[in-house]
$ cat structure.txt   # compact mmCIF, C-alpha atoms
# COMPACT_ATOMS: atom_id res chain seq x y z
CA MET T 232 -4.46 -23.30 -12.87
CA PHE T 233 -1.69 -23.83 -15.41
CA SER T 234 1.74 -22.23 -15.37
CA LYS T 235 5.13 -22.33 -17.07
CA GLU T 236 8.47 -20.76 -16.36
CA VAL T 237 10.21 -18.89 -19.16
CA THR T 238 13.32 -16.74 -19.64
CA ILE T 239 13.04 -13.45 -21.51
CA LEU T 240 15.30 -13.74 -24.56
CA ASN T 241 14.86 -10.59 -26.61
CA ALA T 242 17.24 -7.67 -26.10
CA THR T 243 14.75 -5.01 -24.97
CA GLY T 244 12.88 -7.30 -22.56
CA LEU T 245 9.14 -6.86 -21.96
CA HIS T 246 9.14 -3.17 -22.83
CA ALA T 247 7.40 -0.95 -25.34
CA ARG T 248 6.46 -2.94 -28.43
CA PRO T 249 7.07 -6.42 -27.04
CA ALA T 250 4.99 -5.48 -23.97
CA SER T 251 2.22 -4.27 -26.23
CA MET T 252 2.34 -7.53 -28.26
CA PHE T 253 2.34 -9.58 -25.08
CA VAL T 254 -0.66 -7.79 -23.57
CA GLN T 255 -2.50 -7.95 -26.90
CA GLU T 256 -2.01 -11.74 -27.01
CA ALA T 257 -3.03 -12.15 -23.35
CA GLY T 258 -6.20 -10.19 -24.02
CA LYS T 259 -7.37 -12.84 -26.50
CA TYR T 260 -7.97 -15.35 -23.72
CA LYS T 261 -10.76 -15.51 -21.20
CA SER T 262 -8.57 -16.82 -18.38
CA GLU T 263 -7.14 -14.64 -15.71
CA ILE T 264 -3.44 -14.44 -16.60
CA ASN T 265 -0.56 -13.28 -14.42
CA VAL T 266 3.15 -12.87 -14.91
CA ILE T 267 5.09 -13.61 -11.74
CA LYS T 268 8.44 -11.94 -11.27
CA ASP T 269 10.31 -12.21 -7.95
CA GLY T 270 7.11 -13.36 -6.27
CA LYS T 271 5.21 -10.29 -7.48
CA LYS T 272 2.09 -10.90 -9.55
CA ILE T 273 1.46 -8.68 -12.54
CA ASN T 274 -1.76 -8.79 -14.54
CA ALA T 275 -0.75 -9.96 -18.03
CA LYS T 276 -3.54 -7.96 -19.66
CA SER T 277 -2.31 -4.68 -18.21
CA ILE T 278 0.15 -2.80 -20.38
CA MET T 279 1.08 -0.37 -17.60
CA GLY T 280 1.67 -3.20 -15.15
CA ILE T 281 3.83 -5.18 -17.54
CA MET T 282 5.89 -2.14 -18.59
CA ALA T 283 6.44 -1.03 -15.00
CA GLY T 284 7.36 -4.60 -14.04
CA GLY T 285 10.91 -4.05 -15.21
CA ILE T 286 11.07 -7.42 -16.98
CA SER T 287 14.37 -7.18 -18.83
CA LYS T 288 16.42 -9.66 -20.85
CA ASP T 289 17.43 -12.85 -19.02
CA THR T 290 14.75 -12.38 -16.36
CA VAL T 291 13.02 -15.62 -15.46
CA VAL T 292 9.26 -15.21 -15.09
CA THR T 293 6.34 -17.55 -14.53
CA VAL T 294 3.31 -17.19 -16.77
CA GLU T 295 0.26 -18.43 -14.91
CA ALA T 296 -3.35 -18.66 -16.08
CA ASP T 297 -6.58 -19.71 -14.45
CA GLY T 298 -9.73 -20.29 -16.49
CA GLU T 299 -11.26 -22.29 -19.30
CA ASP T 300 -8.44 -21.64 -21.81
CA GLU T 301 -5.55 -21.54 -19.33
CA GLU T 302 -3.35 -24.07 -21.10
CA GLN T 303 -3.69 -22.44 -24.53
CA ALA T 304 -3.07 -19.00 -23.04
CA VAL T 305 0.13 -19.97 -21.22
CA ASN T 306 1.48 -21.90 -24.19
CA ALA T 307 0.79 -19.04 -26.63
CA LEU T 308 2.41 -16.44 -24.34
CA VAL T 309 5.46 -18.59 -23.64
CA GLU T 310 5.82 -19.23 -27.37
CA LEU T 311 5.65 -15.48 -28.01
CA ILE T 312 8.42 -14.83 -25.48
CA GLU T 313 10.52 -17.64 -26.93
CA SER T 314 10.07 -16.23 -30.46
CA LYS T 315 11.80 -13.07 -29.17
CA PHE T 316 8.81 -11.04 -30.42
CA GLY T 317 10.27 -11.11 -33.92
CA GLU T 318 13.37 -9.21 -32.77
CA GLU T 319 16.75 -10.36 -33.87
CA MET Z 133 10.55 -8.49 9.77
CA LYS Z 134 11.76 -5.54 7.76
CA GLU Z 135 15.03 -3.75 7.28
CA ILE Z 136 15.53 -0.03 6.80
CA LEU Z 137 18.72 1.80 5.89
CA ILE Z 138 20.03 3.75 8.89
CA GLU Z 139 20.67 6.63 6.52
CA ASP Z 140 17.02 6.72 5.32
CA PHE Z 141 15.66 6.37 8.84
CA CYS Z 142 17.80 9.30 10.07
CA ARG Z 143 17.08 11.50 7.08
CA ASP Z 144 13.30 11.01 7.28
CA LEU Z 145 13.13 11.53 11.05
CA GLY Z 146 15.86 14.14 11.37
CA PHE Z 147 18.15 12.01 13.53
CA GLU Z 148 21.92 12.16 13.78
CA ILE Z 149 24.05 9.00 13.86
CA LEU Z 150 26.25 8.72 16.96
CA CYS Z 151 27.28 5.13 16.29
CA ASP Z 152 26.20 2.68 13.62
CA GLY Z 153 27.66 -0.34 15.40
CA GLY Z 154 28.99 -1.60 12.08
CA HIS Z 155 25.50 -1.92 10.55
CA GLU Z 156 24.00 -0.37 7.44
CA THR Z 157 20.42 -1.24 8.25
CA ILE Z 158 18.12 -1.38 11.25
CA THR Z 159 16.18 -4.65 11.60
CA LEU Z 160 12.63 -4.10 12.80
CA THR Z 161 9.93 -6.57 13.79
CA ASN Z 162 7.28 -4.12 14.99
CA SER Z 163 6.47 -0.43 15.14
CA SER Z 164 6.47 -0.05 18.92
CA ILE Z 165 8.97 1.74 21.12
CA ASN Z 166 10.29 1.28 24.65
CA ARG Z 167 11.49 3.77 27.26
CA PRO Z 168 14.29 1.80 28.99
CA GLY Z 169 14.01 3.51 32.38
CA LEU Z 170 13.25 0.34 34.33
CA GLN Z 171 15.86 -1.63 32.46
CA LEU Z 172 18.55 0.93 33.22
CA TYR Z 173 17.49 0.67 36.84
CA GLY Z 174 18.09 -3.07 36.61
CA PHE Z 175 14.68 -4.67 36.04
CA TYR Z 176 14.76 -6.81 32.89
CA ASP Z 177 11.57 -8.93 33.19
CA HIS Z 178 9.32 -8.45 30.14
CA PHE Z 179 11.93 -6.25 28.48
CA ASP Z 180 10.81 -5.53 24.89
CA SER Z 181 14.27 -5.59 23.41
CA ASP Z 182 12.88 -5.96 19.86
CA ARG Z 183 11.59 -2.39 19.95
CA VAL Z 184 13.25 0.93 19.20
CA GLN Z 185 14.58 2.23 22.54
CA ILE Z 186 14.12 5.91 23.32
CA VAL Z 187 16.08 7.65 26.07
CA GLY Z 188 14.76 10.92 27.44
CA LYS Z 189 15.52 13.21 30.35
CA VAL Z 190 14.16 10.76 32.95
CA GLU Z 191 16.64 8.02 32.05
CA GLU Z 192 19.51 10.41 31.67
CA SER Z 193 18.94 12.23 34.98
CA TYR Z 194 18.59 8.88 36.79
CA LEU Z 195 21.92 7.69 35.35
CA ASN Z 196 23.56 10.97 36.27
CA SER Z 197 22.44 10.53 39.88
CA LEU Z 198 24.60 7.41 40.15
CA ASP Z 199 28.32 7.27 40.74
CA PRO Z 200 30.26 6.91 37.45
CA VAL Z 201 31.25 3.25 37.94
CA GLU Z 202 27.67 2.22 38.71
CA LYS Z 203 26.42 4.24 35.76
CA SER Z 204 28.82 2.56 33.32
CA LYS Z 205 27.78 -0.86 34.60
CA LYS Z 206 24.07 -0.12 34.12
CA ILE Z 207 24.62 1.14 30.59
CA GLU Z 208 26.81 -1.80 29.66
CA LYS Z 209 24.22 -4.29 30.96
CA PHE Z 210 21.58 -2.60 28.81
CA PHE Z 211 23.74 -2.77 25.69
CA THR Z 212 24.25 -6.52 26.04
CA TYR Z 213 20.63 -6.87 24.90
CA HIS Z 214 20.03 -6.99 21.17
CA PHE Z 215 17.75 -4.03 20.36
CA PRO Z 216 17.15 -2.48 16.89
CA CYS Z 217 18.43 0.98 17.80
CA LEU Z 218 18.58 3.52 20.59
CA VAL Z 219 17.48 7.13 20.13
CA ILE Z 220 18.57 9.87 22.51
CA ALA Z 221 16.10 12.76 22.66
CA TRP Z 222 16.48 16.45 23.57
CA ASP Z 223 19.86 16.63 21.78
CA MET Z 224 21.38 15.57 25.11
CA ASN Z 225 25.13 15.39 25.31
CA VAL Z 226 25.56 11.89 26.63
CA ASP Z 227 29.03 10.90 27.67
CA GLY Z 228 31.24 8.24 26.13
CA ASP Z 229 29.61 5.19 27.75
CA TYR Z 230 26.88 4.87 25.14
CA VAL Z 231 29.16 5.02 22.12
CA LYS Z 232 31.77 2.78 23.77
CA CYS Z 233 29.18 0.10 24.54
CA ALA Z 234 27.50 0.51 21.14
CA ASN Z 235 30.80 -0.17 19.44
CA LYS Z 236 31.58 -3.08 21.72
CA TYR Z 237 28.23 -4.85 21.23
CA GLY Z 238 27.47 -3.65 17.69
CA ARG Z 239 24.40 -1.53 18.50
CA ILE Z 240 23.04 1.54 16.74
CA VAL Z 241 22.79 4.82 18.68
CA LEU Z 242 21.03 7.86 17.19
CA LYS Z 243 20.28 11.33 18.48
CA SER Z 244 17.35 13.70 17.99
CA LYS Z 245 16.99 17.42 18.66
CA LYS Z 246 13.31 17.01 19.52
CA GLU Z 247 11.72 16.40 22.92
CA THR Z 248 11.07 12.77 23.94
CA THR Z 249 7.28 12.70 23.35
CA LYS Z 250 7.71 14.15 19.84
CA VAL Z 251 10.40 11.57 19.07
CA ILE Z 252 8.12 8.76 20.30
CA ASN Z 253 5.22 10.04 18.20
CA ASN Z 254 7.31 10.50 15.09
CA VAL Z 255 8.98 7.10 15.36
CA ILE Z 256 5.68 5.25 15.89
CA ASN Z 257 3.92 7.05 13.01
CA TYR Z 258 6.88 6.53 10.71
CA LEU Z 259 7.25 2.84 11.54
CA ASP Z 260 3.48 2.23 11.29
CA ALA Z 261 3.60 3.45 7.72
CA TYR Z 262 6.88 1.71 6.97
CA MET Z 263 5.86 -1.67 8.39
CA ALA Z 264 2.34 -1.55 6.91
CA PRO Z 265 1.28 -4.52 4.79
CA ILE Z 266 1.22 -3.68 1.07
CA ILE Z 267 -0.39 -5.28 -1.96
CA SER Z 268 -0.62 -4.41 -5.61
CA MET Z 269 -4.02 -4.66 -7.28
CA HIS Z 270 -5.28 -4.42 -10.83
CA GLY Z 271 -7.62 -1.47 -11.08
CA VAL Z 272 -7.96 2.28 -11.32
CA LEU Z 273 -8.00 4.65 -8.36
CA VAL Z 274 -9.80 7.99 -8.55
CA GLU Z 275 -10.97 10.58 -6.08
CA VAL Z 276 -14.58 11.58 -6.67
CA PHE Z 277 -16.02 14.40 -4.50
CA GLY Z 278 -13.32 13.59 -1.97
CA VAL Z 279 -14.23 9.89 -1.89
CA GLY Z 280 -11.45 7.45 -2.80
CA VAL Z 281 -12.99 5.08 -5.35
CA LEU Z 282 -11.18 1.92 -6.42
CA ILE Z 283 -12.55 0.82 -9.79
CA THR Z 284 -12.02 -2.87 -10.50
CA GLY Z 285 -13.18 -5.21 -13.24
CA SER Z 286 -11.76 -7.44 -15.89
CA SER Z 287 -9.52 -6.17 -18.63
CA GLY Z 288 -11.32 -4.24 -21.36
CA VAL Z 289 -14.48 -3.53 -19.35
CA GLY Z 290 -13.79 0.23 -19.51
CA LYS Z 291 -12.11 1.17 -16.23
CA SER Z 292 -9.64 3.63 -17.75
CA GLU Z 293 -12.23 5.19 -20.06
CA THR Z 294 -14.54 5.73 -17.09
CA ALA Z 295 -11.71 7.28 -15.09
CA LEU Z 296 -10.91 9.59 -18.00
CA GLU Z 297 -14.51 10.77 -18.13
CA LEU Z 298 -14.36 11.37 -14.37
CA VAL Z 299 -11.15 13.40 -14.76
CA LYS Z 300 -12.84 15.43 -17.46
CA ARG Z 301 -15.66 16.13 -15.03
CA GLY Z 302 -13.20 17.62 -12.53
CA HIS Z 303 -12.26 14.58 -10.42
CA ARG Z 304 -8.76 13.33 -9.82
CA LEU Z 305 -6.72 10.37 -10.98
CA ILE Z 306 -4.41 8.67 -8.53
CA THR Z 307 -3.37 5.69 -10.61
CA ASP Z 308 -4.37 3.70 -13.68
CA ASP Z 309 -4.03 -0.06 -14.04
CA VAL Z 310 -1.85 -0.85 -11.02
CA VAL Z 311 -2.80 0.31 -7.52
CA ASP Z 312 -0.38 -0.05 -4.60
CA ILE Z 313 -2.40 -0.39 -1.40
CA LYS Z 314 -1.10 0.03 2.13
CA ASN Z 315 -2.91 -0.77 5.38
CA VAL Z 316 -1.93 1.77 8.02
CA GLY Z 317 -4.00 1.46 11.20
CA ASP Z 318 -6.84 -0.30 9.31
CA ARG Z 319 -7.15 2.50 6.80
CA LEU Z 320 -6.28 1.69 3.22
CA THR Z 321 -4.22 4.17 1.28
CA GLY Z 322 -3.79 3.73 -2.45
CA SER Z 323 -1.09 5.25 -4.61
CA ALA Z 324 0.60 4.76 -7.96
CA PRO Z 325 3.79 2.82 -8.48
CA GLU Z 326 6.50 5.47 -8.95
CA LEU Z 327 6.93 4.70 -12.68
CA LEU Z 328 3.24 4.90 -13.59
CA LYS Z 329 2.36 8.12 -11.76
CA GLN Z 330 -0.09 10.30 -13.76
CA TYR Z 331 0.05 8.11 -16.88
CA MET Z 332 -2.91 6.27 -18.28
CA GLU Z 333 -3.53 3.87 -21.12
CA ILE Z 334 -6.54 4.36 -23.36
CA ARG Z 335 -7.10 1.68 -25.96
CA GLY Z 336 -6.71 3.16 -29.41
CA ILE Z 337 -4.79 6.25 -28.28
CA GLY Z 338 -2.09 4.61 -26.21
CA ILE Z 339 -0.30 6.10 -23.23
CA ILE Z 340 -1.43 9.58 -22.19
CA ASP Z 341 -0.08 11.96 -19.54
CA ILE Z 342 -3.02 13.15 -17.46
CA ARG Z 343 -1.13 15.91 -15.66
CA THR Z 344 0.03 17.53 -18.86
CA LEU Z 345 -3.31 17.10 -20.62
CA TYR Z 346 -5.66 18.11 -17.79
CA GLY Z 347 -3.46 20.04 -15.36
CA ILE Z 348 -2.22 19.62 -11.84
CA GLY Z 349 -5.76 19.64 -10.44
CA ALA Z 350 -6.53 16.38 -12.24
CA VAL Z 351 -3.99 14.24 -10.39
CA LYS Z 352 -3.33 13.31 -6.79
CA GLU Z 353 -0.49 11.43 -5.07
CA SER Z 354 -2.52 9.13 -2.84
CA VAL Z 355 -5.98 8.76 -1.38
CA GLN Z 356 -7.75 6.78 1.31
CA ILE Z 357 -9.81 4.02 -0.32
CA ASP Z 358 -13.42 4.48 0.79
CA MET Z 359 -15.25 2.28 -1.69
CA ASN Z 360 -14.82 -0.27 -4.43
CA ILE Z 361 -16.80 -0.08 -7.65
CA HIS Z 362 -16.65 -3.31 -9.56
CA LEU Z 363 -17.54 -3.09 -13.24
CA GLU Z 364 -18.71 -6.23 -15.01
CA MET Z 365 -20.40 -7.11 -18.26
CA TRP Z 366 -24.17 -7.28 -17.86
CA ASP Z 367 -25.22 -10.86 -17.22
CA ALA Z 368 -28.97 -11.35 -17.75
CA THR Z 369 -28.99 -14.37 -15.45
CA LYS Z 370 -27.35 -12.57 -12.54
CA TYR Z 371 -29.17 -10.71 -9.78
CA TYR Z 372 -28.19 -7.06 -9.45
CA ASP Z 373 -29.06 -4.96 -6.44
CA ARG Z 374 -32.13 -2.89 -7.31
CA LEU Z 375 -32.72 -1.29 -3.91
CA GLY Z 376 -29.29 -0.96 -2.34
CA LEU Z 377 -30.45 -2.34 0.98
CA ASP Z 378 -27.75 -4.97 1.28
CA ASP Z 379 -24.20 -3.90 1.92
CA GLU Z 380 -21.50 -5.82 0.11
CA TYR Z 381 -17.81 -5.60 0.92
CA THR Z 382 -14.46 -6.34 -0.69
CA ASN Z 383 -11.81 -7.47 1.74
CA ILE Z 384 -8.45 -5.85 1.05
CA LEU Z 385 -5.61 -6.46 3.52
CA LYS Z 386 -8.16 -7.49 6.18
CA VAL Z 387 -10.17 -4.26 5.79
CA ASP Z 388 -13.77 -4.41 4.55
CA VAL Z 389 -14.34 -1.83 1.83
CA PRO Z 390 -17.97 -1.14 0.76
CA LYS Z 391 -18.46 -2.62 -2.70
CA VAL Z 392 -20.91 -1.73 -5.45
CA VAL Z 393 -21.20 -3.98 -8.49
CA ILE Z 394 -22.16 -2.04 -11.61
CA PRO Z 395 -23.23 -3.95 -14.69
CA VAL Z 396 -21.88 -2.46 -17.90
CA THR Z 397 -23.97 -2.18 -21.04
CA THR Z 398 -23.78 0.14 -23.99
CA GLY Z 399 -25.38 3.48 -23.36
CA ARG Z 400 -24.78 3.52 -19.60
CA ASN Z 401 -22.87 6.60 -18.55
CA LEU Z 402 -20.56 5.02 -15.99
CA ALA Z 403 -18.99 8.30 -14.87
CA ILE Z 404 -22.34 9.66 -13.71
CA ILE Z 405 -23.18 6.37 -12.02
CA ILE Z 406 -19.86 6.40 -10.16
CA GLU Z 407 -20.36 10.05 -9.15
CA THR Z 408 -23.75 9.11 -7.77
CA ALA Z 409 -22.36 6.07 -5.96
CA ALA Z 410 -19.68 8.28 -4.39
CA ARG Z 411 -22.25 10.87 -3.27
CA ASN Z 412 -24.45 8.08 -1.89
CA ASN Z 413 -21.50 6.62 -0.04
CA ARG Z 414 -20.85 9.97 1.64
CA LEU Z 415 -24.51 10.25 2.52
CA LYS Z 416 -24.48 6.76 4.09
CA TYR Z 417 -21.33 7.68 5.96
CA MET Z 418 -23.17 10.68 7.41
CA GLY Z 419 -26.01 8.41 8.50
CA ILE Z 420 -28.51 8.89 5.70
CA ASN Z 421 -29.45 5.67 3.96
CA SER Z 422 -31.72 6.50 1.01
CA ALA Z 423 -32.75 2.91 0.31
CA LYS Z 424 -33.74 2.33 3.92
CA ASP Z 425 -35.54 5.68 4.22
CA PHE Z 426 -37.49 4.89 1.05
CA CYS Z 427 -38.54 1.47 2.35
CA ASP Z 428 -39.53 2.96 5.72
CA ARG Z 429 -41.68 5.51 3.93
CA ILE Z 430 -43.51 2.81 1.96
CA ALA Z 431 -43.98 0.76 5.12
CA LEU Z 432 -45.38 3.78 6.96
CA SER Z 433 -47.78 4.55 4.14
CA ASN Z 434 -49.00 0.93 4.14
CA GLU Z 435 -49.55 1.06 7.89
CA GLN Z 436 -51.60 4.24 7.58
CA LYS Z 437 -53.79 2.63 4.90
CA THR Z 438 -54.56 -0.37 7.09
CA ASP Z 439 -55.37 1.82 10.11
$ encode --input "structure.txt" --output "structure tokens"
Amino acid sequence: MFSKEVTILNATGLHARPASMFVQEAGKYKSEINVIKDGKKINAKSIMGIMAGGISKDTVVTVEADGEDEEQAVNALVELIESKFGEE
Amino acid sequence: MKEILIEDFCRDLGFEILCDGGHETITLTNSSINRPGLQLYGFYDHFDSDRVQIVGKVEESYLNSLDPVEKSKKIEKFFTYHFPCLVIAWDMNVDGDYVKCANKYGRIVLKSKKETTKVINNVINYLDAYMAPIISMHGVLVEVFGVGVLITGSSGVGKSETALELVKRGHRLITDDVVDIKNVGDRLTGSAPELLKQYMEIRGIGIIDIRTLYGIGAVKESVQIDMNIHLEMWDATKYYDRLGLDDEYTNILKVDVPKVVIPVTTGRNLAIIIETAARNNRLKYMGINSAKDFCDRIALSNEQKTD
């Protein structure tokens, strides 16, 4: 199990296109990945779950992965969030 | 422990607020009720003050049989206890003592037009549902021939595509991707999170609206979860049930749900397999176990040969 805390920086939060990019990236890894917001676990590979999670700008979430590539997965997803999904 | 807005509680149960005691919410620890007859008489051993208190005609006629000073004393003593709220049934016009004491001790007093037994029933049912443990699971929930089927499996295994095929075959979608599950009286009820209702994601197409595409008959608000179908990629080294003699279960919120593991390979029509599993589940429920009957038949035939 590997996890990291991260703050959502981009203006639209984890909605629409950023959500799609996030889920796409999560899907590349074999590990089971969850995003934890206010104690609620959301499957990181589920677009509907992520979009309905209401993860807006400045929300602090924990990205947690369990599996053979857990560390890579968490690092890549945190990096993606920190890169603001290419938004300005 | 859970809190509920007094306003919501009254709206849903048709109660009227006589006194809110300066609170906005009712704090509840369980879904039971208490008739405070004995307490009003003066017996406070084993008093369940953490329950919703319901006053009916018995309590009221007893109090009215007392002289006014005695009556006020009894009511005041009762209100010194910290209870979640008091409901007066039968739309009875109780005099000022209740409201005076409620204000003094900060208690909530409500009133219902219904008879006491109805109020008790409604409050217990409502609180059972409200206090029920809830979890959110990753999966798809469909109703197939009236059987609530929770389809689980890792991302990309084809849960949504299978559900779409089932919808096309006349079954109903409850929710795609995220299933909210509630345990009310050891029965699991699954529904969609408000935002996701009737939407589905199909890889390559994107988000689709099932109700608009397939009509009102293709969706359903909630369903009791009767079985779990777990889809997984075919693993040549793993043992899959070939007879169906052993029952496997998934434990969700302390309830055992019959589980069927279905290996996925190209060319397997999962919708038909799930339809069959649902039919078989109903059959088992009605006491017909095909796998067992088949084995019994073989055993009988072997016996006859040896005779």
$ closest_residue --input "structure.txt" --among "T:Met252, T:His246, T:Tyr260, T:Thr290" --to "Glu302 in chain T" --atoms "only C-alpha atoms"
T:Tyr260
$ closest_atom_pairs --input "structure.txt" --of "chain T" --to "chain Z" --cutoff "9 Å" --atoms "all atoms listed in the file" --output "Markdown table"
| residue | atom | partner | partner_atom | distance |
| --- | --- | --- | --- | --- |
| T:Gly258 | CA | Z:Ser287 | CA | 7.5 |
| T:Glu263 | CA | Z:Ser286 | CA | 8.6 |
| T:Lys271 | CA | Z:Ser268 | CA | 8.5 |
| T:Lys272 | CA | Z:Ser268 | CA | 8.1 |
| T:Ile273 | CA | Z:His270 | CA | 8.2 |
| T:Asn274 | CA | Z:His270 | CA | 6.7 |
| T:Lys276 | CA | Z:Ser287 | CA | 6.3 |
| T:Ser277 | CA | Z:Asp309 | CA | 6.5 |
| T:Ile278 | CA | Z:Glu333 | CA | 7.7 |
| T:Met279 | CA | Z:Asp309 | CA | 6.2 |
| T:Gly280 | CA | Z:Val310 | CA | 5.9 |
| T:Ala283 | CA | Z:Leu327 | CA | 6.2 |
$ residues_near_point --input "structure.txt" --point "(-16.8, -6.7, -12.5)" --cutoff "8 Å" --atoms "only C-alpha atoms" --output "tab-separated table (two decimals) with C-alpha atoms, in the coordinates of the input"
chain	number	residue	atom	x	y	z
Z	284	THR	CA	-12.02	-2.87	-10.50
Z	285	GLY	CA	-13.18	-5.21	-13.24
Z	286	SER	CA	-11.76	-7.44	-15.89
Z	289	VAL	CA	-14.48	-3.53	-19.35
Z	362	HIS	CA	-16.65	-3.31	-9.56
Z	363	LEU	CA	-17.54	-3.09	-13.24
Z	364	GLU	CA	-18.71	-6.23	-15.01
Z	365	MET	CA	-20.40	-7.11	-18.26
Z	393	VAL	CA	-21.20	-3.98	-8.49
Z	394	ILE	CA	-22.16	-2.04	-11.61
Z	395	PRO	CA	-23.23	-3.95	-14.69
$ atom_distance --input "structure.txt" --atom1 "CA of Ser244 in chain Z" --atom2 "CA of Leu145 in chain Z"
8.4 Å
$ closest_residue --input "structure.txt" --among "Z:Asp223, Z:Lys386, Z:Thr212, Z:Glu156" --to "Lys189 in chain Z" --atoms "all atoms listed in the file"
Z:Asp223
$ closest_residue --input "structure.txt" --among "T:Val254, T:Val237, T:Ile267, T:Val291" --to "Asn306 in chain T" --atoms "all atoms listed in the file"
T:Val237
$ closest_residue --input "structure.txt" --among "T:Thr243, T:Thr293, T:Ser314, T:Ser251" --to "Ile264 in chain T" --atoms "all atoms listed in the file"
T:Thr293
$ atom_distance --input "structure.txt" --atom1 "CA of Glu293 in chain Z" --atom2 "CA of Asp367 in chain Z"
20.8 Å
$ closest_residue --input "structure.txt" --among "T:Asp269, T:Asp289, T:Glu256, T:Glu236" --to "Gln303 in chain T" --atoms "only C-alpha atoms"
T:Glu256
$ residues_around --input "structure.txt" --residues "range 254-257 of chain Z" --least-positions-apart "2" --cutoff "8 Å" --atoms "only C-alpha atoms" --output "PyMOL selection string"
chain Z and resi 145+163-165+250-252+259-261
$ write_last_selection --input "structure.txt" --atoms "C-alpha atoms" --output "compact mmCIF listing (two decimals), in the coordinates of the input"
# COMPACT_ATOMS: atom_id res chain seq x y z
CA LEU Z 145 13.13 11.53 11.05
CA SER Z 163 6.47 -0.43 15.14
CA SER Z 164 6.47 -0.05 18.92
CA ILE Z 165 8.97 1.74 21.12
CA LYS Z 250 7.71 14.15 19.84
CA VAL Z 251 10.40 11.57 19.07
CA ILE Z 252 8.12 8.76 20.30
CA LEU Z 259 7.25 2.84 11.54
CA ASP Z 260 3.48 2.23 11.29
CA ALA Z 261 3.60 3.45 7.72
$ residues_near_point --input "structure.txt" --point "(15.7, 8.0, 11.6)" --cutoff "10 Å" --atoms "all atoms listed in the file" --output "NGL selection string"
:Z and (136-149 or 158 or 217 or 219 or 242-244 or 251 or 254-255 or 258-259)
$ closest_residue --input "structure.txt" --among "T:Lys268, T:Lys315, T:Lys235, T:Glu299" --to "Ile286 in chain T" --atoms "only C-alpha atoms"
T:Lys268
$ axis_aligned_box --input "structure.txt" --around "range 262-276 of chain T" --padding-each-side "5 Å" --output "lines of an AutoDock Vina configuration file"
center_x = 0.9
center_y = -12.4
center_z = -13.0
size_x = 28.9
size_y = 18.9
size_z = 23.4
$ atom_distance --input "structure.txt" --atom1 "CA of Lys352 in chain Z" --atom2 "CA of Ile306 in chain Z"
5.1 Å
